[in-house]
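Below is target-v2.txt, holding compact mmCIF, C-alpha atoms and all ligand atoms.
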# COMPACT_ATOMS: atom_id res chain seq x y z
CA MET A 1 -10.54 -3.08 -32.35
CA HIS A 2 -7.32 -4.45 -30.91
CA LEU A 3 -3.91 -4.09 -32.48
CA SER A 4 -0.96 -6.24 -31.54
CA ASP A 5 2.06 -4.45 -30.14
CA ASN A 6 5.28 -3.99 -32.06
CA LEU A 7 7.40 -5.76 -29.43
CA PRO A 8 8.80 -9.28 -30.03
CA ALA A 9 6.08 -11.93 -30.38
CA SER A 10 7.27 -13.91 -27.36
CA ALA A 11 7.23 -10.84 -25.13
CA ALA A 12 3.81 -9.89 -26.45
CA ALA A 13 2.43 -13.09 -24.91
CA ALA A 14 2.63 -11.46 -21.49
CA ALA A 15 1.40 -8.10 -22.77
CA PRO A 16 -2.21 -7.00 -22.99
CA ALA A 17 -3.91 -6.60 -26.37
CA VAL A 18 -3.79 -2.84 -26.74
CA ALA A 19 -6.99 -1.22 -27.96
CA GLU A 20 -6.62 1.16 -30.88
CA TRP A 21 -8.02 4.13 -28.93
CA VAL A 22 -5.46 3.51 -26.19
CA ARG A 23 -2.64 3.65 -28.70
CA ARG A 24 -3.99 6.89 -30.20
CA ALA A 25 -4.59 8.64 -26.86
CA PRO A 26 -2.11 11.46 -26.13
CA LYS A 27 0.17 10.49 -23.26
CA ALA A 28 2.72 12.10 -20.96
CA VAL A 29 5.37 10.21 -19.00
CA LEU A 30 7.31 11.68 -16.08
CA HIS A 31 9.09 8.53 -14.94
CA ASP A 32 10.98 6.59 -17.61
CA HIS A 33 14.62 5.48 -17.23
CA LEU A 34 16.82 5.88 -20.32
CA ASP A 35 18.92 2.86 -19.35
CA GLY A 36 15.82 0.76 -18.69
CA GLY A 37 14.20 1.32 -22.08
CA LEU A 38 16.64 0.33 -24.84
CA ARG A 39 15.54 -1.62 -27.90
CA PRO A 40 16.89 -5.20 -27.57
CA GLU A 41 18.39 -5.08 -31.06
CA THR A 42 20.23 -1.87 -30.19
CA ILE A 43 21.76 -3.48 -27.09
CA ILE A 44 23.03 -6.36 -29.23
CA GLU A 45 24.51 -4.05 -31.88
CA LEU A 46 26.12 -1.76 -29.30
CA ALA A 47 27.54 -4.76 -27.44
CA ARG A 48 29.19 -5.97 -30.66
CA GLU A 49 30.58 -2.49 -31.36
CA CYS A 50 32.07 -1.99 -27.90
CA GLY A 51 33.15 -5.59 -27.30
CA TYR A 52 30.79 -6.31 -24.38
CA THR A 53 30.42 -10.10 -24.15
CA GLY A 54 28.24 -10.38 -21.05
CA LEU A 55 24.78 -10.49 -22.73
CA PRO A 56 22.71 -13.57 -21.86
CA THR A 57 21.64 -14.00 -25.54
CA GLU A 58 22.15 -12.34 -28.91
CA ASP A 59 18.61 -12.97 -30.13
CA PRO A 60 16.63 -9.70 -29.84
CA ALA A 61 13.28 -11.30 -29.00
CA ALA A 62 14.84 -13.63 -26.45
CA LEU A 63 16.81 -10.74 -24.93
CA GLY A 64 13.61 -8.71 -24.46
CA VAL A 65 11.99 -11.64 -22.68
CA TRP A 66 15.13 -12.27 -20.63
CA PHE A 67 15.10 -8.73 -19.20
CA ARG A 68 11.47 -8.86 -18.22
CA ASP A 69 11.75 -12.33 -16.70
CA ALA A 70 14.98 -11.58 -14.83
CA ALA A 71 13.35 -8.45 -13.42
CA ASP A 72 10.25 -10.41 -12.32
CA SER A 73 12.07 -11.15 -9.09
CA GLY A 74 9.90 -9.76 -6.32
CA SER A 75 12.81 -7.59 -5.15
CA LEU A 76 13.98 -4.14 -6.21
CA GLU A 77 17.63 -5.11 -5.73
CA ARG A 78 17.34 -8.05 -8.16
CA TYR A 79 15.31 -5.92 -10.58
CA LEU A 80 18.18 -3.41 -10.62
CA GLU A 81 20.83 -6.06 -11.38
CA THR A 82 19.60 -6.21 -14.99
CA PHE A 83 20.80 -2.64 -15.61
CA ALA A 84 24.43 -3.81 -15.60
CA HIS A 85 23.89 -5.01 -19.19
CA THR A 86 22.31 -1.83 -20.52
CA CYS A 87 24.79 0.47 -18.81
CA ALA A 88 27.68 -1.65 -20.14
CA VAL A 89 26.80 -0.69 -23.71
CA MET A 90 26.08 3.00 -22.96
CA GLN A 91 29.65 4.20 -22.48
CA SER A 92 30.38 6.29 -25.57
CA ARG A 93 29.03 9.51 -26.97
CA GLU A 94 27.67 7.67 -30.03
CA ALA A 95 25.93 4.98 -27.96
CA LEU A 96 24.30 7.55 -25.65
CA PHE A 97 23.20 9.65 -28.61
CA ARG A 98 21.67 6.63 -30.36
CA VAL A 99 19.87 5.34 -27.26
CA ALA A 100 18.46 8.79 -26.46
CA ALA A 101 17.30 9.40 -30.05
CA GLU A 102 15.60 6.00 -30.22
CA CYS A 103 14.00 6.59 -26.82
CA ALA A 104 12.33 9.79 -28.05
CA GLU A 105 11.28 8.08 -31.30
CA ASP A 106 9.79 5.06 -29.50
CA LEU A 107 7.89 7.19 -27.01
CA ALA A 108 6.50 9.38 -29.80
CA ALA A 109 5.44 6.29 -31.78
CA ASP A 110 3.47 5.22 -28.70
CA GLY A 111 1.57 8.52 -28.58
CA VAL A 112 3.68 10.20 -25.90
CA VAL A 113 3.66 13.98 -26.44
CA TYR A 114 5.67 14.96 -23.36
CA ALA A 115 8.35 12.92 -21.61
CA GLU A 116 10.86 13.38 -18.82
CA VAL A 117 13.51 10.69 -19.17
CA ARG A 118 16.03 10.03 -16.41
CA TYR A 119 19.43 8.37 -16.15
CA ALA A 120 22.45 8.47 -13.87
CA PRO A 121 25.37 10.24 -15.60
CA GLU A 122 27.82 8.67 -13.12
CA GLN A 123 27.03 5.25 -14.63
CA HIS A 124 28.30 6.26 -18.08
CA LEU A 125 31.91 7.23 -17.34
CA ALA A 126 33.63 3.84 -17.85
CA GLY A 127 34.58 4.69 -21.46
CA GLY A 128 36.35 7.88 -20.45
CA LEU A 129 33.56 10.44 -20.95
CA THR A 130 33.18 13.30 -18.48
CA LEU A 131 29.86 14.00 -16.75
CA ASP A 132 29.35 17.03 -19.00
CA GLU A 133 30.01 14.99 -22.14
CA VAL A 134 27.48 12.37 -21.04
CA VAL A 135 24.78 15.01 -20.52
CA THR A 136 25.55 16.71 -23.83
CA ALA A 137 25.43 13.43 -25.79
CA VAL A 138 22.08 12.45 -24.28
CA ASN A 139 20.60 15.92 -24.85
CA GLU A 140 21.70 15.89 -28.48
CA GLY A 141 20.15 12.43 -28.85
CA PHE A 142 16.84 13.66 -27.48
CA ARG A 143 16.86 16.62 -29.90
CA GLU A 144 17.56 14.23 -32.79
CA GLY A 145 14.73 11.92 -31.67
CA GLU A 146 12.32 14.87 -31.43
CA ARG A 147 13.29 15.84 -34.98
CA ARG A 148 12.81 12.29 -36.29
CA ALA A 149 9.37 12.26 -34.64
CA GLY A 150 8.45 15.40 -36.56
CA GLY A 151 8.14 17.51 -33.42
CA ARG A 152 5.29 15.38 -32.04
CA ILE A 153 7.11 14.98 -28.71
CA VAL A 154 8.98 17.19 -26.25
CA VAL A 155 11.60 15.39 -24.13
CA GLY A 156 13.36 16.71 -21.04
CA ALA A 157 16.15 14.97 -19.14
CA LEU A 158 16.25 14.32 -15.40
CA LEU A 159 19.70 13.63 -13.95
CA THR A 160 19.71 10.88 -11.35
CA GLY A 161 22.10 10.52 -8.44
CA MET A 162 22.51 6.91 -7.28
CA ARG A 163 21.46 6.57 -3.66
CA HIS A 164 24.17 4.04 -2.72
CA THR A 165 27.06 6.20 -4.01
CA ASP A 166 28.31 9.59 -2.89
CA ARG A 167 28.13 11.68 -6.05
CA SER A 168 24.68 13.19 -5.62
CA LEU A 169 25.95 16.71 -4.87
CA GLU A 170 28.08 16.62 -8.02
CA ILE A 171 25.04 15.44 -10.03
CA ALA A 172 22.93 18.19 -8.48
CA GLU A 173 25.57 20.72 -9.58
CA LEU A 174 25.52 19.18 -13.05
CA THR A 175 21.73 19.58 -13.12
CA VAL A 176 21.97 23.27 -12.29
CA ALA A 177 24.72 23.77 -14.88
CA HIS A 178 22.71 22.15 -17.70
CA ARG A 179 19.23 23.34 -16.88
CA ALA A 180 19.12 25.90 -19.65
CA SER A 181 19.96 23.21 -22.18
CA GLY A 182 17.55 20.31 -21.89
CA VAL A 183 17.86 19.18 -18.27
CA ALA A 184 14.56 19.63 -16.45
CA GLY A 185 15.46 18.36 -13.00
CA PHE A 186 17.06 15.85 -10.65
CA ASP A 187 16.18 12.52 -9.03
CA ILE A 188 17.72 9.88 -6.82
CA ALA A 189 17.30 6.18 -7.61
CA GLY A 190 18.74 2.76 -6.82
CA GLY A 191 18.21 0.38 -3.90
CA GLU A 192 15.99 2.09 -1.34
CA ILE A 193 16.64 -0.18 1.64
CA GLY A 194 19.54 1.19 3.70
CA ASN A 195 19.86 4.32 1.55
CA PRO A 196 17.35 6.85 2.85
CA PRO A 197 16.98 10.06 0.83
CA ALA A 198 18.25 12.33 3.62
CA ARG A 199 21.72 10.84 3.04
CA HIS A 200 21.70 13.14 0.00
CA LEU A 201 20.55 16.29 1.76
CA PRO A 202 23.46 18.44 0.49
CA ALA A 203 22.34 17.69 -3.07
CA PHE A 204 18.75 18.72 -2.37
CA GLN A 205 19.89 21.85 -0.55
CA HIS A 206 22.02 22.81 -3.53
CA LEU A 207 19.04 22.36 -5.87
CA LYS A 208 16.79 24.40 -3.57
CA ARG A 209 19.35 27.21 -3.39
CA HIS A 210 19.30 27.30 -7.18
CA ASN A 211 15.52 26.95 -7.52
CA CYS A 212 15.86 23.68 -9.38
CA HIS A 213 13.21 20.95 -9.66
CA PHE A 214 13.62 17.48 -8.20
CA THR A 215 11.75 14.25 -7.60
CA ILE A 216 12.79 11.34 -5.38
CA HIS A 217 12.18 7.59 -5.70
CA ALA A 218 10.47 6.74 -2.39
CA GLY A 219 7.80 4.46 -1.01
CA GLU A 220 8.66 1.67 -3.43
CA ALA A 221 10.70 -0.86 -1.40
CA VAL A 222 10.38 1.07 1.90
CA GLY A 223 7.14 2.28 3.46
CA ALA A 224 5.53 5.63 4.16
CA GLU A 225 8.48 6.76 6.33
CA SER A 226 10.55 6.98 3.15
CA VAL A 227 7.93 9.21 1.51
CA HIS A 228 7.86 11.32 4.67
CA GLU A 229 11.62 11.85 4.54
CA ALA A 230 11.57 12.60 0.81
CA VAL A 231 8.82 15.21 1.16
CA GLN A 232 9.39 16.74 4.59
CA VAL A 233 13.16 16.47 5.08
CA CYS A 234 14.39 16.67 1.49
CA GLY A 235 11.63 18.77 -0.10
CA ALA A 236 10.72 16.59 -3.09
CA GLU A 237 8.17 18.16 -5.45
CA ARG A 238 7.11 14.77 -6.80
CA ILE A 239 7.55 11.20 -5.63
CA GLY A 240 8.79 8.34 -7.82
CA HIS A 241 6.34 5.49 -7.15
CA GLY A 242 5.17 6.58 -3.67
CA VAL A 243 2.64 3.75 -3.61
CA ARG A 244 3.52 2.72 -0.06
CA ILE A 245 1.91 5.97 1.09
CA THR A 246 -1.05 3.60 1.53
CA ASP A 247 0.61 2.63 4.86
CA ASP A 248 -0.79 5.98 6.02
CA ILE A 249 -4.33 5.36 4.78
CA ALA A 250 -6.67 3.41 7.07
CA GLU A 251 -8.90 0.56 5.85
CA ASP A 252 -11.91 2.87 6.00
CA GLY A 253 -10.11 5.37 3.75
CA THR A 254 -9.13 7.87 6.46
CA LEU A 255 -5.89 9.64 5.57
CA GLY A 256 -3.09 10.03 8.11
CA HIS A 257 -1.27 13.35 8.37
CA LEU A 258 1.41 12.46 5.80
CA ALA A 259 -1.04 11.11 3.21
CA ALA A 260 -3.23 14.17 3.70
CA TYR A 261 -0.23 16.47 3.27
CA VAL A 262 0.82 14.79 0.03
CA ARG A 263 -2.72 14.85 -1.35
CA ASP A 264 -3.54 18.38 -0.20
CA ASN A 265 -0.29 19.82 -1.57
CA ARG A 266 -0.91 18.14 -4.94
CA ILE A 267 2.47 16.35 -4.76
CA ALA A 268 2.42 14.14 -7.84
CA LEU A 269 2.91 10.41 -7.48
CA GLU A 270 4.76 8.87 -10.44
CA VAL A 271 3.00 5.51 -10.39
CA CYS A 272 4.47 2.58 -12.39
CA PRO A 273 2.18 -0.45 -11.96
CA THR A 274 4.04 -3.14 -13.93
CA SER A 275 7.36 -2.30 -12.29
CA ASN A 276 5.64 -2.50 -8.88
CA LEU A 277 4.41 -6.01 -9.65
CA GLN A 278 7.93 -7.09 -10.58
CA THR A 279 9.63 -5.66 -7.49
CA GLY A 280 6.93 -6.83 -5.09
CA ALA A 281 5.58 -3.34 -4.30
CA ALA A 282 2.13 -4.56 -5.43
CA LYS A 283 0.57 -8.01 -5.82
CA ASP A 284 -1.40 -7.68 -9.04
CA TYR A 285 -3.00 -5.04 -11.25
CA ALA A 286 -6.46 -5.46 -9.75
CA SER A 287 -5.23 -4.73 -6.22
CA HIS A 288 -2.73 -2.03 -7.23
CA PRO A 289 -3.27 1.07 -5.05
CA ILE A 290 -3.42 3.45 -8.04
CA ASP A 291 -7.22 3.31 -8.07
CA LEU A 292 -7.52 3.91 -4.33
CA LEU A 293 -5.10 6.86 -4.58
CA ARG A 294 -6.91 8.34 -7.53
CA ARG A 295 -10.29 8.10 -5.88
CA ALA A 296 -8.86 9.65 -2.71
CA GLY A 297 -7.89 12.73 -4.75
CA PHE A 298 -4.11 12.32 -5.05
CA ARG A 299 -2.35 13.79 -8.08
CA VAL A 300 -1.74 10.45 -9.76
CA THR A 301 0.33 10.05 -12.91
CA LEU A 302 0.82 6.80 -14.83
CA ASN A 303 4.30 5.83 -15.99
CA THR A 304 6.45 3.08 -17.50
CA ASP A 305 9.53 3.16 -15.21
CA ASN A 306 11.53 0.89 -17.55
CA ARG A 307 10.07 -0.06 -20.92
CA LEU A 308 12.58 -2.84 -21.64
CA VAL A 309 13.08 -4.18 -18.11
CA SER A 310 9.37 -4.15 -17.35
CA GLY A 311 8.36 -5.25 -20.88
CA THR A 312 6.02 -2.29 -21.13
CA THR A 313 4.99 0.87 -22.95
CA MET A 314 2.66 3.71 -21.97
CA SER A 315 -0.06 2.06 -24.07
CA ARG A 316 0.40 -1.18 -22.18
CA GLU A 317 0.23 0.54 -18.80
CA PHE A 318 -2.97 2.32 -19.92
CA GLN A 319 -4.43 -0.96 -21.15
CA HIS A 320 -3.60 -2.82 -17.93
CA MET A 321 -5.39 -0.09 -15.98
CA ALA A 322 -8.35 -0.12 -18.37
CA ASP A 323 -8.62 -3.90 -17.95
CA ALA A 324 -8.23 -3.82 -14.15
CA PHE A 325 -10.42 -0.82 -13.32
CA GLY A 326 -12.58 -0.20 -16.38
CA TYR A 327 -10.90 3.15 -17.06
CA GLY A 328 -11.97 4.94 -20.23
CA PRO A 329 -10.47 7.96 -22.02
CA GLU A 330 -11.70 10.40 -19.35
CA VAL A 331 -9.46 8.78 -16.71
CA PHE A 332 -6.46 8.69 -19.03
CA GLU A 333 -7.05 12.34 -19.85
CA GLU A 334 -7.02 13.01 -16.10
CA PHE A 335 -3.68 11.14 -15.64
CA THR A 336 -2.16 12.88 -18.65
CA VAL A 337 -3.22 16.36 -17.58
CA ALA A 338 -1.97 15.59 -14.05
CA ALA A 339 1.41 14.61 -15.47
CA VAL A 340 1.79 17.79 -17.50
CA GLU A 341 0.61 19.91 -14.57
CA ALA A 342 3.39 18.31 -12.49
CA ALA A 343 6.00 18.55 -15.28
CA PHE A 344 9.27 20.34 -14.59
CA LEU A 345 8.43 22.92 -17.27
CA PRO A 346 7.57 26.63 -17.14
CA LEU A 347 3.86 27.09 -16.42
CA PRO A 348 2.98 28.67 -19.81
CA GLU A 349 4.55 25.68 -21.57
CA ARG A 350 2.57 23.23 -19.42
CA ARG A 351 -0.61 25.14 -20.22
CA ARG A 352 0.19 25.16 -23.91
CA ILE A 353 0.66 21.37 -24.01
CA ILE A 354 -2.56 20.79 -22.07
CA ASP A 355 -4.68 23.26 -24.07
CA GLU A 356 -3.25 22.72 -27.54
CA VAL A 357 -2.32 19.04 -27.52
CA ILE A 358 -3.90 17.01 -24.72
CA ARG A 359 -7.42 18.46 -24.47
CA PRO A 360 -7.99 18.51 -28.27
CA GLY A 361 -6.44 15.04 -28.59
CA TYR A 362 -8.89 13.55 -26.11
CA ALA A 363 -11.80 15.49 -27.59
CA ALA A 364 -11.01 13.98 -31.00
CA LEU A 365 -10.63 10.54 -29.46
CA THR A 366 -13.97 10.71 -27.73
CA ALA A 367 -15.71 12.06 -30.84
CA SER A 368 -14.41 9.16 -32.96
CA ARG A 369 -15.16 6.31 -30.54
O1 LIG A 401 12.09 1.71 -9.99
C1 LIG A 401 13.25 1.97 -9.72
N1 LIG A 401 13.61 2.20 -8.43
C2 LIG A 401 14.86 2.56 -8.06
N2 LIG A 401 15.86 2.68 -8.95
C3 LIG A 401 15.58 2.42 -10.25
C4 LIG A 401 14.30 2.06 -10.69
N3 LIG A 401 14.36 1.86 -12.02
C5 LIG A 401 15.62 2.10 -12.39
N4 LIG A 401 16.37 2.43 -11.33
C6 LIG A 401 17.81 2.76 -11.30
O2 LIG A 401 17.98 4.05 -11.84
C7 LIG A 401 19.21 4.06 -12.56
C8 LIG A 401 19.30 5.26 -13.45
O3 LIG A 401 18.34 5.26 -14.47
C9 LIG A 401 19.20 2.69 -13.21
O4 LIG A 401 20.49 2.32 -13.63
C10 LIG A 401 18.68 1.80 -12.12
O5 LIG A 401 19.73 1.36 -11.29
ZN ZN A 402 12.24 4.41 -11.45

Using structure tokens, write down the structure from this file.
Amino acid sequence: MHLSDNLPASAAAAAPAVAEWVRRAPKAVLHDHLDGGLRPETIIELARECGYTGLPTEDPAALGVWFRDAADSGSLERYLETFAHTCAVMQSREALFRVAAECAEDLAADGVVYAEVRYAPEQHLAGGLTLDEVVTAVNEGFREGERRAGGRIVVGALLTGMRHTDRSLEIAELTVAHRASGVAGFDIAGGEIGNPPARHLPAFQHLKRHNCHFTIHAGEAVGAESVHEAVQVCGAERIGHGVRITDDIAEDGTLGHLAAYVRDNRIALEVCPTSNLQTGAAKDYASHPIDLLRRAGFRVTLNTDNRLVSGTTMSREFQHMADAFGYGPEVFEEFTVAAVEAAFLPLPERRRIIDEVIRPGYAALTASR
């Protein structure tokens, strides 16, 4: 049986028909940007409240389509331009709280049981908030969203430093300061070309000194050398995207030294297929390297990147992969367990989610199919 999605009808035209078992499957997402996943109607309401007049349309369905189409640019830089609109309306405590609460609610409604959601605190200071106030507002929003979802989801925040600015050390310090209260780790994001991760080495060294988790966007717009720098120079525990690691895999499947290192050390790849199609990191779903990487034994996780900007959900990403590669519940269970194993959570908590939520959820799914 197929159910239609709950996104606007016009946007649904480009979306796959999501099978009911896909929607019910327990999911975990490690790579989802808070400012890339707002509800269109929320953007419009927040814009009215704060006096932002730059939106391309005030029709929610049309706005959803506009984001996805504008981001279908073939370039990461143009994809990222769309975030000016979402960040513009996320400049008050109330707006951040609302967006974070709705994010947790929407993920839970899609069957996500564990999420790490990232954003760049430095992009939310235009209304006069301090970095600490931004983090507190978002954390409180996540707690509210967890409550509204009846405890069916656990959400952690990742604080992102923007790779083209010079605040990453400050954001790393903020991560350490808030780690006992809802912040799970750190990330760097933004345009990859011309902004290699090692430019932010002091931030990574600070995190290492304080035994803090971090991931790095790499191997999305730049090739395997970017993954090399993120892993070997900066010490990333996971890689955001990472799909261009295939530069280091020969046609016959032989792994180069870097690819072998990443695979053998179980460094998780946070793969986001739809986003990759939009930014030109992959040509189409059928030729997306996720299947090659999975079969080669990499720790592959499946993610949304930006639910609004990429017009997607976890269910849609699952469905695209099921359609392209014939994946059934056993593969999605593998991706979901891989994500929780690579989560920035204490080990007993990871084990609890896998043993008490994910394994039984898939067992029930398989029994009822
Ligand atoms: O796939 C991506 N690659 C690089 N940067 C990204 C991606 N998606 C979003 N952002 C950037 O991360 C910021 C904080 O959430 C966003 O504002 C956007 O500029
Ligand atoms: Zn991303």

Exercise. Would you name the residues within 9 Å of ligand ZN 402 (chain A), counting all atoms listed in the file, and put them as a ChimeraX atom specification?
Worked result: /A:31-33,36,118,189-190,217,240-241,270,272,275,304-306

Write the residues you've just listed into a file as a PDB file, keeping the file's coordinate frame, and include C-alpha atoms for each of them.
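And here is the file that came out, out-v4.pdb:
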ATOM      1  CA  HIS A  31       9.090   8.530 -14.940  1.00  0.00           C
ATOM      2  CA  ASP A  32      10.980   6.590 -17.610  1.00  0.00           C
ATOM      3  CA  HIS A  33      14.620   5.480 -17.230  1.00  0.00           C
ATOM      4  CA  GLY A  36      15.820   0.760 -18.690  1.00  0.00           C
ATOM      5  CA  ARG A 118      16.030  10.030 -16.410  1.00  0.00           C
ATOM      6  CA  ALA A 189      17.300   6.180  -7.610  1.00  0.00           C
ATOM      7  CA  GLY A 190      18.740   2.760  -6.820  1.00  0.00           C
ATOM      8  CA  HIS A 217      12.180   7.590  -5.700  1.00  0.00           C
ATOM      9  CA  GLY A 240       8.790   8.340  -7.820  1.00  0.00           C
ATOM     10  CA  HIS A 241       6.340   5.490  -7.150  1.00  0.00           C
ATOM     11  CA  GLU A 270       4.760   8.870 -10.440  1.00  0.00           C
ATOM     12  CA  CYS A 272       4.470   2.580 -12.390  1.00  0.00           C
ATOM     13  CA  SER A 275       7.360  -2.300 -12.290  1.00  0.00           C
ATOM     14  CA  THR A 304       6.450   3.080 -17.500  1.00  0.00           C
ATOM     15  CA  ASP A 305       9.530   3.160 -15.210  1.00  0.00           C
ATOM     16  CA  ASN A 306      11.530   0.890 -17.550  1.00  0.00           C
TER      17      ASN A 306
END

Exercise. Near Gly161 in chain A, within 6 Å and counting only C-alpha atoms, which residues show up once chain neighbours fewer than 4 positions away are dropped, as a list in words?
Worked result: Ala120, Ser168, Ile171 and Ile188 of chain A

Problem set entry | For CA of Ala338 in chain A and CA of Ala268 in chain A, the interatomic separation in Å (one decimal) | 7.7 Å

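Checking A:His124, A:Arg244, A:Arg98, A:Lys208 one by one against ligand LIG 401 (chain A), counting all atoms listed in the file, you find the shortest gap at A:His124.
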
Problem set entry | All residues 12 Å or closer to Thr160 in chain A, all atoms listed in the file, same chain fewer than 2 positions away omitted, as a VMD selection string | chain A and resid 31 to 35 116 to 124 131 135 157 to 158 162 to 165 167 to 175 183 to 190 200 203 to 204 214 to 217 240

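Interatomic distance, atom C7 of ligand LIG 401 (chain A) against CA of Glu229 in chain A: 20.3 Å.
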
Centre and edge lengths of an axis-aligned box around all listed atoms of range 138-150 of chain A, with 8 Å added on each side, are to be given in Å to one decimal, as lines of an AutoDock Vina configuration file.
center_x = 15.3
center_y = 14.3
center_z = -30.4
size_x = 29.6
size_y = 20.7
size_z = 28.3

For this session: Rank A:Gly253, A:Gly223, A:Gly235, A:Gly191 by their smallest atom-to-atom distance to ligand LIG 401 (chain A), using all atoms listed in the file, and report the top residue only.
Result: A:Gly191

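Minimum distance to ligand LIG 401 (chain A) across A:Glu94, A:Glu20, A:Glu140, A:Glu220 (counting only C-alpha atoms and all ligand atoms) occurs at A:Glu220.
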
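One finds CA of Ala104 in chain A at 6.0 Å from CA of Phe142 in chain A.
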
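Of the residues under consideration (A:Cys50, A:Ala95, A:Leu159, A:Val112), A:Leu159 shows the shortest atom-to-atom contact distance to Asp132 in chain A when counting all atoms listed in the file.
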
For this session: Could you give me, as a list in words, the residues within 7 Å of Phe97 in chain A, counting all atoms listed in the file and dropping anything in the same chain fewer than 6 positions from it?
Result: Ala137, Val138, Glu140 and Gly141 of chain A

Please produce a file of those selected residues containing C-alpha atoms, as a compact mmCIF listing (two decimals), keeping the file's coordinate frame.
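The result, stored in out.txt:
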# COMPACT_ATOMS: atom_id res chain seq x y z
CA ALA A 137 25.43 13.43 -25.79
CA VAL A 138 22.08 12.45 -24.28
CA GLU A 140 21.70 15.89 -28.48
CA GLY A 141 20.15 12.43 -28.85
